[in-house]
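Have a look at input_26.txt below; it lists compact mmCIF, C-alpha atoms.
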# COMPACT_ATOMS: atom_id res chain seq x y z
CA MET A 8 165.78 131.13 99.07
CA LYS A 9 165.88 131.26 95.26
CA VAL A 10 165.97 135.06 95.36
CA ARG A 11 168.91 135.05 97.76
CA GLU A 12 170.82 132.46 95.72
CA GLY A 13 170.21 134.36 92.48
CA LEU A 14 171.33 137.70 93.94
CA LEU A 15 174.37 136.11 95.58
CA ALA A 16 175.35 134.39 92.32
CA GLY A 17 175.10 137.71 90.50
CA ALA A 18 177.33 139.48 93.01
CA ARG A 19 179.85 136.64 92.97
CA GLY A 20 179.85 136.59 89.17
CA PHE A 21 180.61 140.31 89.07
CA TRP A 22 183.50 139.84 91.51
CA LEU A 23 184.86 136.90 89.52
CA ALA A 24 184.71 138.89 86.30
CA VAL A 25 186.51 141.94 87.68
CA SER A 26 189.11 140.12 89.75
CA GLY A 27 189.62 137.49 87.06
CA ALA A 28 190.22 140.04 84.33
CA VAL A 29 192.77 141.99 86.38
CA THR A 30 194.56 139.14 88.15
CA ALA A 31 194.67 136.78 85.18
CA THR A 32 195.98 139.49 82.85
CA VAL A 33 198.71 140.58 85.28
CA LEU A 34 199.80 137.03 86.10
CA PHE A 35 199.83 135.93 82.47
CA ALA A 36 201.90 138.95 81.44
CA PHE A 37 204.36 138.46 84.31
CA ALA A 38 204.65 134.73 83.59
CA MET A 39 205.41 135.21 79.90
CA VAL A 40 207.91 138.01 80.54
CA SER A 41 209.59 135.98 83.26
CA VAL A 42 209.93 132.94 81.00
CA VAL A 43 211.47 135.09 78.27
CA MET A 44 213.88 136.65 80.81
CA ILE A 45 215.28 133.20 81.61
CA VAL A 46 217.76 133.70 78.76
CA LEU A 47 219.16 136.69 80.67
CA GLY A 48 219.30 134.78 83.94
CA VAL A 49 216.79 136.97 85.75
CA GLY A 50 213.95 134.58 84.94
CA LEU A 51 215.67 131.82 86.89
CA PHE A 52 214.76 133.71 90.06
CA THR A 53 211.43 135.24 89.03
CA THR A 54 209.79 132.33 87.17
CA PRO A 55 209.31 130.06 90.21
CA LEU A 56 207.84 132.98 92.18
CA VAL A 57 205.43 133.96 89.40
CA LEU A 58 204.33 130.37 88.81
CA LYS A 59 203.79 129.96 92.55
CA ALA A 60 201.49 132.99 92.43
CA VAL A 61 199.67 131.50 89.41
CA ARG A 62 199.08 128.25 91.30
CA ALA A 63 197.90 130.13 94.37
CA HIS A 64 195.39 132.03 92.19
CA ALA A 65 194.25 128.75 90.60
CA ASN A 66 193.83 127.13 94.03
CA GLN A 67 191.76 130.11 95.13
CA ARG A 68 189.46 129.52 92.16
CA ARG A 69 189.22 125.84 93.07
CA ALA A 70 188.16 126.75 96.59
CA GLN A 71 185.60 129.27 95.30
CA ALA A 72 184.25 126.73 92.82
CA LEU A 73 183.54 124.32 95.65
CA ASP A 74 182.22 126.89 98.14
CA TRP A 75 180.14 128.98 95.71
CA ALA A 76 178.91 126.45 93.16
CA GLY A 77 179.61 122.97 94.53
CA VAL A 78 182.03 122.26 91.65
CA ARG A 79 184.95 120.16 92.85
CA ILE A 80 188.16 120.76 90.87
CA PRO A 81 190.97 118.40 91.97
CA VAL A 82 194.45 119.83 92.40
CA PRO A 83 196.80 118.44 89.71
CA TYR A 84 200.10 119.62 91.18
CA GLY A 85 202.53 117.02 92.41
CA PRO A 86 205.00 117.46 95.27
CA PRO A 87 207.69 120.09 94.64
CA PRO A 88 210.81 118.66 93.02
CA ALA A 89 213.86 118.05 95.17
CA VAL A 90 216.57 120.36 93.86
CA LYS A 91 220.01 121.48 94.94
CA GLY A 92 220.86 124.91 96.25
CA GLY A 93 222.46 127.77 94.37
CA ILE A 94 222.30 128.54 90.67
CA VAL A 95 222.21 124.85 89.72
CA GLY A 96 219.15 124.37 91.89
CA ARG A 97 217.43 127.38 90.32
CA VAL A 98 218.04 125.98 86.86
CA GLU A 99 216.72 122.56 87.89
CA LEU A 100 213.62 124.10 89.50
CA CYS A 101 212.84 126.23 86.43
CA LEU A 102 213.29 123.29 84.09
CA ALA A 103 211.07 121.10 86.28
CA LEU A 104 208.31 123.71 86.35
CA LEU A 105 208.52 124.36 82.60
CA LYS A 106 208.39 120.63 81.86
CA ASP A 107 205.34 120.22 84.07
CA ARG A 108 202.21 120.08 81.90
CA THR A 109 200.14 121.68 84.63
CA THR A 110 202.20 124.89 84.23
CA TRP A 111 201.07 125.31 80.63
CA ARG A 112 197.51 124.28 81.39
CA ASP A 113 197.45 127.03 84.02
CA ALA A 114 198.70 129.46 81.38
CA GLN A 115 195.90 128.37 79.04
CA TRP A 116 193.41 128.86 81.85
CA LEU A 117 194.68 132.40 82.47
CA LEU A 118 193.98 133.20 78.80
CA VAL A 119 190.47 131.78 79.11
CA GLU A 120 189.94 133.51 82.46
CA MET A 121 190.69 136.96 81.04
CA THR A 122 188.46 136.46 77.97
CA GLY A 123 185.67 133.90 77.98
CA GLY A 124 185.79 133.58 81.75
CA VAL A 125 184.99 137.26 82.17
CA LEU A 126 181.97 136.95 79.88
CA THR A 127 180.56 133.83 81.58
CA ALA A 128 181.10 135.35 85.02
CA MET A 129 179.40 138.63 84.03
CA LEU A 130 176.24 136.96 82.74
CA PRO A 131 174.60 136.55 86.19
CA ALA A 132 175.39 140.18 87.05
CA ILE A 133 174.16 141.46 83.66
CA LEU A 134 170.75 139.83 84.13
CA LEU A 135 170.34 141.60 87.47
CA VAL A 136 171.57 144.92 86.06
CA TYR A 137 169.01 144.66 83.26
CA ALA A 138 166.30 144.22 85.92
CA VAL A 139 167.24 147.65 87.35
CA TRP A 140 168.20 149.54 84.18
CA GLY A 141 164.99 148.73 82.30
CA PRO A 142 162.60 150.29 84.83
CA VAL A 143 164.99 153.24 85.31
CA LEU A 144 164.77 153.99 81.60
CA ALA A 145 160.97 153.73 81.70
CA LEU A 146 160.81 156.24 84.58
CA GLY A 147 162.04 158.97 82.24
CA VAL A 148 165.78 158.55 82.00
CA TRP A 149 165.34 157.69 78.32
CA LYS A 150 164.20 161.26 77.52
CA PRO A 151 167.47 163.18 78.08
CA ILE A 152 169.39 160.39 76.37
CA VAL A 153 167.19 160.44 73.26
CA ASN A 154 166.82 164.26 73.23
CA ALA A 155 170.59 164.62 73.33
CA GLY A 156 170.82 162.54 70.20
CA GLY A 157 171.75 159.30 71.95
CA ASN A 158 171.07 155.98 70.27
CA GLU A 159 169.96 153.90 73.27
CA TRP A 160 169.47 150.16 72.91
CA PHE A 161 168.19 147.90 75.66
CA ALA A 162 169.13 144.38 74.60
CA PHE A 163 167.32 144.14 71.23
CA ILE A 164 164.87 147.00 71.93
CA HIS A 165 165.63 150.40 70.37
CA ILE A 166 164.52 153.11 72.82
CA THR A 167 162.77 155.90 70.90
CA GLY A 168 159.87 156.82 73.18
CA GLN A 169 157.86 155.90 76.27
CA THR A 170 156.34 152.84 74.65
CA SER A 171 159.71 151.29 73.80
CA ALA A 172 160.97 152.31 77.26
CA ASN A 173 158.06 150.47 78.87
CA MET A 174 158.88 147.43 76.76
CA ALA A 175 162.48 147.69 78.00
CA ALA A 176 161.24 147.80 81.60
CA ALA A 177 159.11 144.70 81.07
CA LEU A 178 162.01 142.89 79.42
CA GLY A 179 164.40 143.96 82.18
CA LEU A 180 162.09 142.66 84.90
CA ALA A 181 161.65 139.40 83.00
CA LEU A 182 165.42 139.01 82.67
CA GLY A 183 165.84 139.79 86.36
CA VAL A 184 163.31 137.13 87.37
CA LEU A 185 165.01 134.70 84.98
CA GLY A 186 168.37 135.55 86.54
CA LEU A 187 167.13 134.67 90.02
CA PHE A 188 166.56 131.13 88.80
CA VAL A 189 169.40 130.59 86.32
CA ASN A 190 172.23 132.58 87.95
CA PRO A 191 173.45 129.68 90.15
CA GLY A 192 173.56 127.48 87.03
CA LEU A 193 175.45 130.16 85.09
CA LEU A 194 177.97 130.38 87.92
CA ARG A 195 178.43 126.59 87.81
CA PHE A 196 178.93 126.86 84.05
CA HIS A 197 181.69 129.43 84.62
CA PHE A 198 183.48 127.16 87.07
CA GLY A 199 182.92 124.20 84.75
CA LEU A 200 184.79 126.11 82.06
CA ALA A 201 187.65 126.67 84.51
CA SER A 202 187.56 123.01 85.51
CA ALA A 203 188.30 121.96 81.94
CA PHE A 204 191.77 123.51 82.34
CA LEU A 205 192.43 123.32 86.07
CA ARG A 206 191.57 119.69 86.77
CA PRO A 207 194.20 116.95 86.28
CA THR A 208 194.42 115.41 82.83
CA ARG A 209 193.62 111.75 82.39
CA GLU A 210 197.33 110.99 82.02
CA THR A 211 198.07 112.79 85.29
CA GLU A 212 195.29 110.96 87.11
CA LEU A 213 196.49 107.60 85.81
CA ALA A 214 200.08 108.35 86.82
CA ARG A 215 198.95 109.38 90.30
CA ARG A 216 196.77 106.33 90.59
CA VAL A 217 199.69 104.07 89.67
CA ASP A 218 201.89 105.81 92.24
CA ARG A 219 199.21 105.53 94.90
CA LEU A 220 198.51 101.88 94.14
CA THR A 221 202.23 101.13 94.28
CA GLU A 222 202.49 102.85 97.64
CA THR A 223 199.38 101.21 99.06
CA ARG A 224 200.52 97.81 97.79
CA TYR A 225 203.68 98.05 99.86
CA GLU A 226 201.68 99.28 102.84
CA ALA A 227 199.17 96.44 102.41
CA VAL A 228 202.01 93.89 102.32
CA ASP A 229 203.54 95.42 105.47
CA SER A 230 200.14 95.47 107.16
CA SER A 231 199.49 91.84 106.25
CA ALA A 232 202.92 90.83 107.56
CA ALA A 233 202.25 92.68 110.82
CA GLU A 234 198.85 91.00 111.11
CA LEU A 235 200.42 87.57 110.59
CA ARG A 236 203.01 88.33 113.27
CA ARG A 237 200.23 89.37 115.65
CA ILE A 238 198.34 86.13 115.01
CA GLU A 239 201.50 84.10 115.53
CA ARG A 240 202.22 85.95 118.78
CA ASP A 241 198.67 85.49 120.06
CA LEU A 242 198.73 81.80 119.22
CA HIS A 243 202.17 81.31 120.79
CA ASP A 244 201.53 83.29 123.95
CA GLY A 245 197.89 82.31 124.40
CA ALA A 246 196.31 79.22 122.93
CA GLN A 247 199.57 77.32 122.36
CA ALA A 248 200.76 77.91 125.92
CA ARG A 249 197.41 76.74 127.30
CA LEU A 250 197.45 73.61 125.15
CA VAL A 251 200.98 72.76 126.33
CA ALA A 252 199.91 73.25 129.95
CA MET A 253 196.83 71.10 129.30
CA GLY A 254 199.00 68.33 127.86
CA MET A 255 201.24 68.41 130.92
CA SER A 256 198.18 68.27 133.18
CA LEU A 257 196.81 65.27 131.31
CA GLY A 258 200.20 63.56 131.69
CA THR A 259 200.02 64.14 135.43
CA VAL A 260 196.44 62.82 135.48
CA GLU A 261 197.60 59.67 133.72
CA ALA A 262 200.20 59.12 136.44
CA LEU A 263 197.79 59.85 139.31
CA ILE A 264 194.60 58.22 138.09
CA GLU A 265 195.23 54.91 139.90
CA ARG A 266 197.00 55.98 143.12
CA ASP A 267 195.27 59.36 143.70
CA PRO A 268 191.91 59.49 141.87
CA ALA A 269 190.78 62.61 143.75
CA GLU A 270 193.77 64.67 142.61
CA ALA A 271 193.36 63.28 139.11
CA LYS A 272 189.74 64.47 139.06
CA ARG A 273 190.80 67.93 140.24
CA LEU A 274 193.38 68.15 137.49
CA LEU A 275 190.83 66.97 134.90
CA ALA A 276 188.40 69.68 136.02
CA ALA A 277 191.16 72.27 135.72
CA ALA A 278 192.03 70.96 132.25
CA ARG A 279 188.39 71.20 131.21
CA ALA A 280 188.26 74.80 132.41
CA GLY A 281 191.48 75.49 130.53
CA THR A 282 189.90 73.99 127.40
CA ALA A 283 186.99 76.44 127.64
CA GLU A 284 189.38 79.38 128.09
CA THR A 285 191.46 78.21 125.13
CA LEU A 286 188.33 77.92 122.99
CA THR A 287 187.33 81.46 124.00
CA GLU A 288 190.76 82.77 123.05
CA LEU A 289 190.62 81.01 119.69
CA ARG A 290 187.16 82.45 119.03
CA ASP A 291 188.43 85.94 119.88
CA LEU A 292 191.38 85.39 117.58
CA VAL A 293 189.12 84.28 114.74
CA ARG A 294 186.82 87.23 115.41
CA GLY A 295 189.84 89.52 115.11
CA ILE A 296 190.63 88.03 111.69
CA HIS A 297 187.06 88.13 110.34
CA PRO A 298 184.13 88.58 112.72
CA PRO A 299 181.44 85.90 112.29
CA VAL A 300 178.65 88.48 112.52
CA LEU A 301 180.23 90.30 109.59
CA ALA A 302 180.30 87.16 107.47
CA GLU A 303 176.81 86.05 108.45
CA ARG A 304 174.83 89.30 108.64
CA GLY A 305 176.83 91.95 106.78
CA LEU A 306 178.42 95.28 107.61
CA ALA A 307 175.26 96.99 108.90
CA ASP A 308 174.58 94.52 111.71
CA ALA A 309 178.29 94.09 112.42
CA VAL A 310 178.84 97.79 113.13
CA ARG A 311 175.67 97.94 115.22
CA ALA A 312 177.01 95.06 117.34
CA LEU A 313 180.35 96.84 117.50
CA ALA A 314 178.70 100.02 118.78
CA LEU A 315 176.88 98.13 121.53
CA ARG A 316 180.19 96.97 123.01
CA LEU A 317 181.49 100.53 123.51
CA PRO A 318 181.31 102.08 126.99
CA LEU A 319 179.61 105.28 125.75
CA ALA A 320 176.51 106.12 123.74
CA VAL A 321 176.78 105.59 120.00
CA GLU A 322 174.06 106.64 117.53
CA VAL A 323 174.26 104.42 114.45
CA ASP A 324 172.68 105.34 111.11
CA VAL A 325 173.31 102.77 108.37
CA GLU A 326 171.75 102.92 104.89
CA LEU A 327 173.01 100.07 102.70
CA THR A 328 170.92 98.46 99.98
CA GLY A 329 173.21 95.46 99.59
CA ARG A 330 176.58 94.02 100.52
CA ALA A 331 180.04 94.99 99.35
CA ALA A 332 182.78 92.50 98.51
CA GLU A 333 184.05 90.59 101.54
CA PRO A 334 187.51 92.27 101.64
CA VAL A 335 185.89 95.72 101.42
CA GLU A 336 183.45 94.91 104.21
CA SER A 337 186.28 93.61 106.37
CA ALA A 338 188.40 96.72 105.75
CA ALA A 339 185.44 99.01 106.49
CA TYR A 340 184.56 97.08 109.66
CA PHE A 341 188.05 97.25 111.14
CA ALA A 342 188.44 100.90 110.09
CA ILE A 343 185.19 101.73 111.91
CA SER A 344 186.31 99.66 114.90
CA GLU A 345 189.62 101.57 115.09
CA ALA A 346 187.89 104.95 114.72
CA LEU A 347 185.34 104.13 117.43
CA THR A 348 188.04 102.81 119.75
CA ASN A 349 190.13 105.95 119.24
CA ALA A 350 187.14 108.14 120.02
CA ALA A 351 186.28 106.14 123.15
CA LYS A 352 189.86 106.12 124.46
CA HIS A 353 191.30 109.50 123.55
CA SER A 354 188.57 112.05 122.82
CA ALA A 355 186.96 112.38 126.27
CA ALA A 356 183.62 112.35 124.44
CA ASP A 357 180.33 111.16 125.90
CA ARG A 358 178.58 110.56 122.57
CA ILE A 359 179.56 109.26 119.13
CA TRP A 360 177.62 109.39 115.87
CA LEU A 361 178.29 106.74 113.23
CA ASP A 362 176.91 107.22 109.73
CA VAL A 363 177.38 104.58 107.00
CA ARG A 364 175.85 104.84 103.54
CA HIS A 365 176.56 104.00 99.91
CA ALA A 366 176.11 106.56 97.14
CA GLU A 367 177.55 107.12 93.66
CA GLY A 368 179.64 103.97 93.76
CA THR A 369 181.32 104.88 97.06
CA LEU A 370 180.92 103.57 100.59
CA ARG A 371 180.97 106.65 102.83
CA ILE A 372 181.58 106.39 106.57
CA ALA A 373 181.56 109.24 109.09
CA VAL A 374 182.49 108.86 112.76
CA THR A 375 181.81 112.02 114.77
CA ASP A 376 182.33 112.62 118.48
CA ASN A 377 181.75 115.59 120.78
CA GLY A 378 185.12 115.30 122.47
CA ARG A 379 188.05 117.66 122.87
CA GLY A 380 189.38 117.36 119.30
CA GLY A 381 192.99 117.67 118.25
CA ALA A 382 193.18 114.32 116.43
CA ASP A 383 196.00 114.24 113.87
CA PRO A 384 196.77 111.33 111.49
CA ALA A 385 200.45 112.30 111.63
CA GLY A 386 200.55 112.10 115.40
CA GLY A 387 199.52 108.50 116.02
CA THR A 388 199.43 105.00 114.59
CA GLY A 389 195.66 104.47 114.83
CA LEU A 390 194.56 106.87 112.10
CA ARG A 391 197.60 106.01 109.99
CA GLY A 392 196.60 102.35 110.27
CA ILE A 393 193.10 103.20 109.04
CA GLU A 394 194.61 105.16 106.15
CA ARG A 395 196.81 102.22 105.15
CA ARG A 396 193.91 99.79 105.40
CA LEU A 397 191.68 101.96 103.19
CA GLY A 398 194.51 102.71 100.77
CA ALA A 399 194.63 99.07 99.74
CA PHE A 400 191.19 99.59 98.19
CA ASP A 401 191.91 103.07 96.79
CA GLY A 402 190.01 104.55 99.71
CA VAL A 403 190.69 107.85 101.45
CA LEU A 404 190.59 109.16 105.01
CA ALA A 405 189.85 112.75 106.03
CA VAL A 406 190.05 114.06 109.60
CA ASN A 407 188.50 117.35 110.77
CA SER A 408 189.39 117.81 114.43
CA PRO A 409 189.91 121.37 115.65
CA HIS A 410 191.09 121.82 119.22
CA GLY A 411 188.04 121.90 121.42
CA GLY A 412 186.16 119.55 119.11
CA PRO A 413 184.16 118.12 117.61
CA THR A 414 186.07 115.49 115.65
CA MET A 415 184.80 114.02 112.38
CA VAL A 416 186.61 111.12 110.73
CA THR A 417 185.37 110.56 107.19
CA MET A 418 186.24 107.47 105.15
CA GLU A 419 185.40 106.67 101.54
CA ILE A 420 185.93 103.37 99.71
CA PRO A 421 185.00 102.96 96.02
CA CYS A 422 182.94 99.79 95.71
CA ALA A 423 179.74 98.31 94.35
CA LEU A 424 176.95 96.66 96.34
CA THR A 425 175.26 93.39 95.49
CA ARG A 426 171.81 92.37 96.59
Once you've parsed the file, please lay out its structure as C-alpha cells.
Amino acid sequence: MKVREGLLAGARGFWLAVSGAVTATVLFAFAMVSVVMIVLGVGLFTTPLVLKAVRAHANQRRAQALDWAGVRIPVPYGPPPAVKGGIVGRVELCLALLKDRTTWRDAQWLLVEMTGGVLTAMLPAILLVYAVWGPVLALGVWKPIVNAGGNEWFAFIHITGQTSANMAAALGLALGVLGLFVNPGLLRFHFGLASAFLRPTRETELARRVDRLTETRYEAVDSSAAELRRIERDLHDGAQARLVAMGMSLGTVEALIERDPAEAKRLLAAARAGTAETLTELRDLVRGIHPPVLAERGLADAVRALALRLPLAVEVDVELTGRAAEPVESAAYFAISEALTNAAKHSAADRIWLDVRHAEGTLRIAVTDNGRGGADPAGGTGLRGIERRLGAFDGVLAVNSPHGGPTMVTMEIPCALTR
C-alpha cells in the first residue's frame, strides 16, 4: 500500500508540476494583459472571461487537493454580482472583479504555482527518478558520459568511475525508498502551499459568517413563529376542543344527576374517556416540543427510540462520550426525525442506516437509505426545514442522492460535549 501511494504521489506531483507551470504561466500572462487592455476597452470583455478561467483552474486545484491529498481548501468566491446589461454592465462587472480581494490572491497563487509550486510538486517525482537513474549510471551509462568529457553529478556525488557510480546507485535506491514513504507528505505540503493563497482570508470568513448568521437568524425567527402557530393550532383544534366538549358534558351531567342517574353515569364515563384522550394529546404535543426521553436520557437513547417507531429496519450506530447543549440536542433530534421520516415515506427503501458521532468539535450525523434516490433540498420543504434548523447553530446539511440511490443525508453541528 505504501509503495502504491508513493508511486502515485510521484506521478501526480509530476503532472502538477508540468500542468501548473504551463497553465499558471498562460493564465497569469493573459490576466495581466487583459487588465492592462481595459484602458483600451477590450479588457472590459476579456477580463471577466480570463478571471473565470483562473477561478476554474483554482477550483480544479481545490478538488485535486481534496481527492489526492485530503487537503480541504474552502472556496472563497461569493455569488456573482448583479450587474446591468451592455457596456455599463461590463464596466460594473470588471470593477467588481478587480475590487474583489480573491482576484488578487488568485493572481498571487498563479505566481507561486509557476515557481515554488513547480519545485514542491516535482520533489516526489525527482525522488523516484533518482531511484532509476542511479542504478542506470552504475550499469555502465556513466562511461560514455565521462569518456566524452561530461561532468556528471548525481545529487552531491561526482561520477568519475565505477566506484562513484555504485555510490550513486546506492544513494538513488535509498532516495527512492525514502520517496515511497514521504511522497504523500510532500504532495500535501504542495497543496498546503496552495491553500495559503486559495483559502478564504479571515476577513472573508468573518464576513461570510456574519451574513450566514444574519440569514439563519431570520430563518430561526420564522421557524419559531411557525412552530408557535402549530402549537396554537394543535391546542385549539385538539385539546381545547375536547376540554370545551368535556365542560358541556359535565354541565349536562349536573342537570341529569338527580332525574336520570344512569344517563349521568354514561356521560361521566364518556367524559373520563375524553380526559384520557386529551391527556394523550397533550403528552404528544409536549413530546413534539421537547421529547421527555431526550431530556432524561440524551440524544443517543432518544434516536434509538425514534428508530424503533419506524415501519422499516433501521441500523443505529451512536458514539457520543457526553451530552451537547439542550438546544443542540433538540435540533439534532428533530433533524434526524425529519430525515428518517423522509426516508421512510419517500425513498421506497427497506433499510436505513443512522450514524451519529462527535469528533473534532463537531456533531456529525449521517442518514443513509437504500431507496430510489433523487432527493433534492430545493425540491421539498422537509430537507429545507432541516437546513434552517441546523443553520441556527451554524450547522450544515449535505445531500448525496443520485437517481437510483442510495441517498445519504449528512448533517454537521459545531458543538462541545459535556460529561
One-decimal distance in Å that lies between atom CA of A:Val78 and atom CA of A:Met121: 20.1 Å
Work out how far apart atom CA of A:Arg396 and atom CA of A:Arg379 are and give it in Å to one decimal.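 Pair atom CA of A:Arg396 / atom CA of A:Arg379 returns 25.7 Å.
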Atom CA of A:Asn158 to atom CA of A:Gly141, distance in Å rounded to a single decimal: 15.3 Å
Go through A:Ala145, A:Leu327, A:Ala339, A:Ala346 and flag the residue nearest A:Ser171, using all atoms listed in the file for the distances.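 Of the candidates, the smallest distance to A:Ser171 is held by A:Ala145.
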Find the residues with any atom within 9 Å of (194.8, 65.2, 131.7); use all atoms listed in the file and the coordinates as given in the file, and write the answer as a list in words.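 The residues that fall inside the cut-off are Met253, Gly254, Met255, Ser256, Leu257, Gly258, Thr259, Val260, Glu261, Ala271, Lys272, Leu274, Leu275, Ala276, Ala277, Ala278 and Arg279 of chain A.
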Report as a ChimeraX atom specification all protein, DNA and RNA residues lying within 12 Å of A:Thr425, evaluated on only C-alpha atoms, omitting residues in the same chain fewer than 2 positions from it. /A:305,327-333,365,368,422-423
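Near A:Asn190, within a cut-off of 8 Å and counting only C-alpha atoms, sit the residues Glu12, Gly13, Leu14, Ala16, Gly17, Leu130 and Pro131 of chain A, with same-chain residues fewer than 5 positions away left out.
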Take the residues just selected and output them with C-alpha atoms as a PDB file, in the coordinates of the input.
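result.pdb, freshly written:
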ATOM      1  CA  GLU A  12     170.820 132.460  95.720  1.00  0.00           C
ATOM      2  CA  GLY A  13     170.210 134.360  92.480  1.00  0.00           C
ATOM      3  CA  LEU A  14     171.330 137.700  93.940  1.00  0.00           C
ATOM      4  CA  ALA A  16     175.350 134.390  92.320  1.00  0.00           C
ATOM      5  CA  GLY A  17     175.100 137.710  90.500  1.00  0.00           C
ATOM      6  CA  LEU A 130     176.240 136.960  82.740  1.00  0.00           C
ATOM      7  CA  PRO A 131     174.600 136.550  86.190  1.00  0.00           C
TER       8      PRO A 131
END
What lies within 10 Å of A:Gly147 using only C-alpha atoms, ignoring chain neighbours under 3 positions off, as a PDB file with C-alpha atoms, keeping the file's coordinate frame?
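Written output follows (around_10.pdb):
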ATOM      1  CA  PRO A 142     162.600 150.290  84.830  1.00  0.00           C
ATOM      2  CA  VAL A 143     164.990 153.240  85.310  1.00  0.00           C
ATOM      3  CA  LEU A 144     164.770 153.990  81.600  1.00  0.00           C
ATOM      4  CA  LYS A 150     164.200 161.260  77.520  1.00  0.00           C
ATOM      5  CA  PRO A 151     167.470 163.180  78.080  1.00  0.00           C
ATOM      6  CA  ILE A 152     169.390 160.390  76.370  1.00  0.00           C
ATOM      7  CA  GLY A 168     159.870 156.820  73.180  1.00  0.00           C
ATOM      8  CA  GLN A 169     157.860 155.900  76.270  1.00  0.00           C
ATOM      9  CA  ALA A 172     160.970 152.310  77.260  1.00  0.00           C
ATOM     10  CA  ASN A 173     158.060 150.470  78.870  1.00  0.00           C
TER      11      ASN A 173
END
Point out the residue among A:Leu424, A:Arg273, A:Glu419, A:Met44 with the least atom-to-atom distance to A:Leu306, counting only C-alpha atoms.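 Checking each candidate against A:Leu306, we get A:Leu424 as the closest.
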Considering all atoms listed in the file, state which residue in the set A:Gly381, A:Gly179, A:Gly186, A:Gly48 is at the smallest distance from A:Phe161. A:Gly179
Taking all atoms listed in the file into account, name the residue in A:Asn377, A:Thr109, A:Thr122, A:Ser202 that is nearest to A:His353. A:Asn377
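With distances taken over all atoms listed in the file, A:Ala103 is the one residue among A:Ala70, A:Ala103, A:Val82, A:Gly124 lying closest to A:Pro55.
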